[in-house]
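Asks: Attaching a single structure in structure tokens format; questions to follow.
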Amino acid sequence: GKNAELMGIYVLKYFHDMHLHLASLQNRLEKQAKLYYIVGNSTFFGNSVDTAALLAESMQMLGYQQVHSEIIRKRNCNKALYEYCVSATWSNH
């Protein structure tokens with residue numbers, strides 16, 4: 001339906017914006033700078049969105065090193081929703 005379509009656009013825009021944000025940092029970061037992002041996975045209309053995995057993939061595509069994701073806390077006892085710390089290092093090739 002219309003709501004699912006709008007939510008899909010919203011989710012796509014979030015990941016697009018995060019990719020642009022990570023790309024924009026590259027010429028500002030010092031060598032071996034460490035990045036940490038706290039993100040949560042989500043479920044929209046029964047579809048799970050693995051935010052941490054997609055953010056980590058974006059970091060890898062952009063050349064960040066030592067990309068790592070770990071669960072830091074459960075968000076909701078009724079669903080498999082977690083907060084993750086996604087980290088990376090900029091090697092400044």
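In the structure tokens, chains take letters A, B, ... by order of appearance, with residues numbered from 1 within each chain and ligands from 1 in the order shown.
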Using only C-alpha atoms, which protein or nucleic acid residues come within 12 Å of Met61 of chain A? Drop anything in the same chain fewer than 3 positions from it, and give the result as JSON, numbers by chain.

Replies: {"A": [19, 20, 22, 23, 54, 55, 56, 57, 58, 64, 65, 67]}

Asks: If we count only C-alpha atoms, what is near segment 34-36 of chain A at a cut-off of 12 Å, once residues fewer than 6 positions away on the same chain are taken out, given as a ChimeraX atom specification?

Replies: /A:22,25-26,52,55-56,59,64-70,84-92
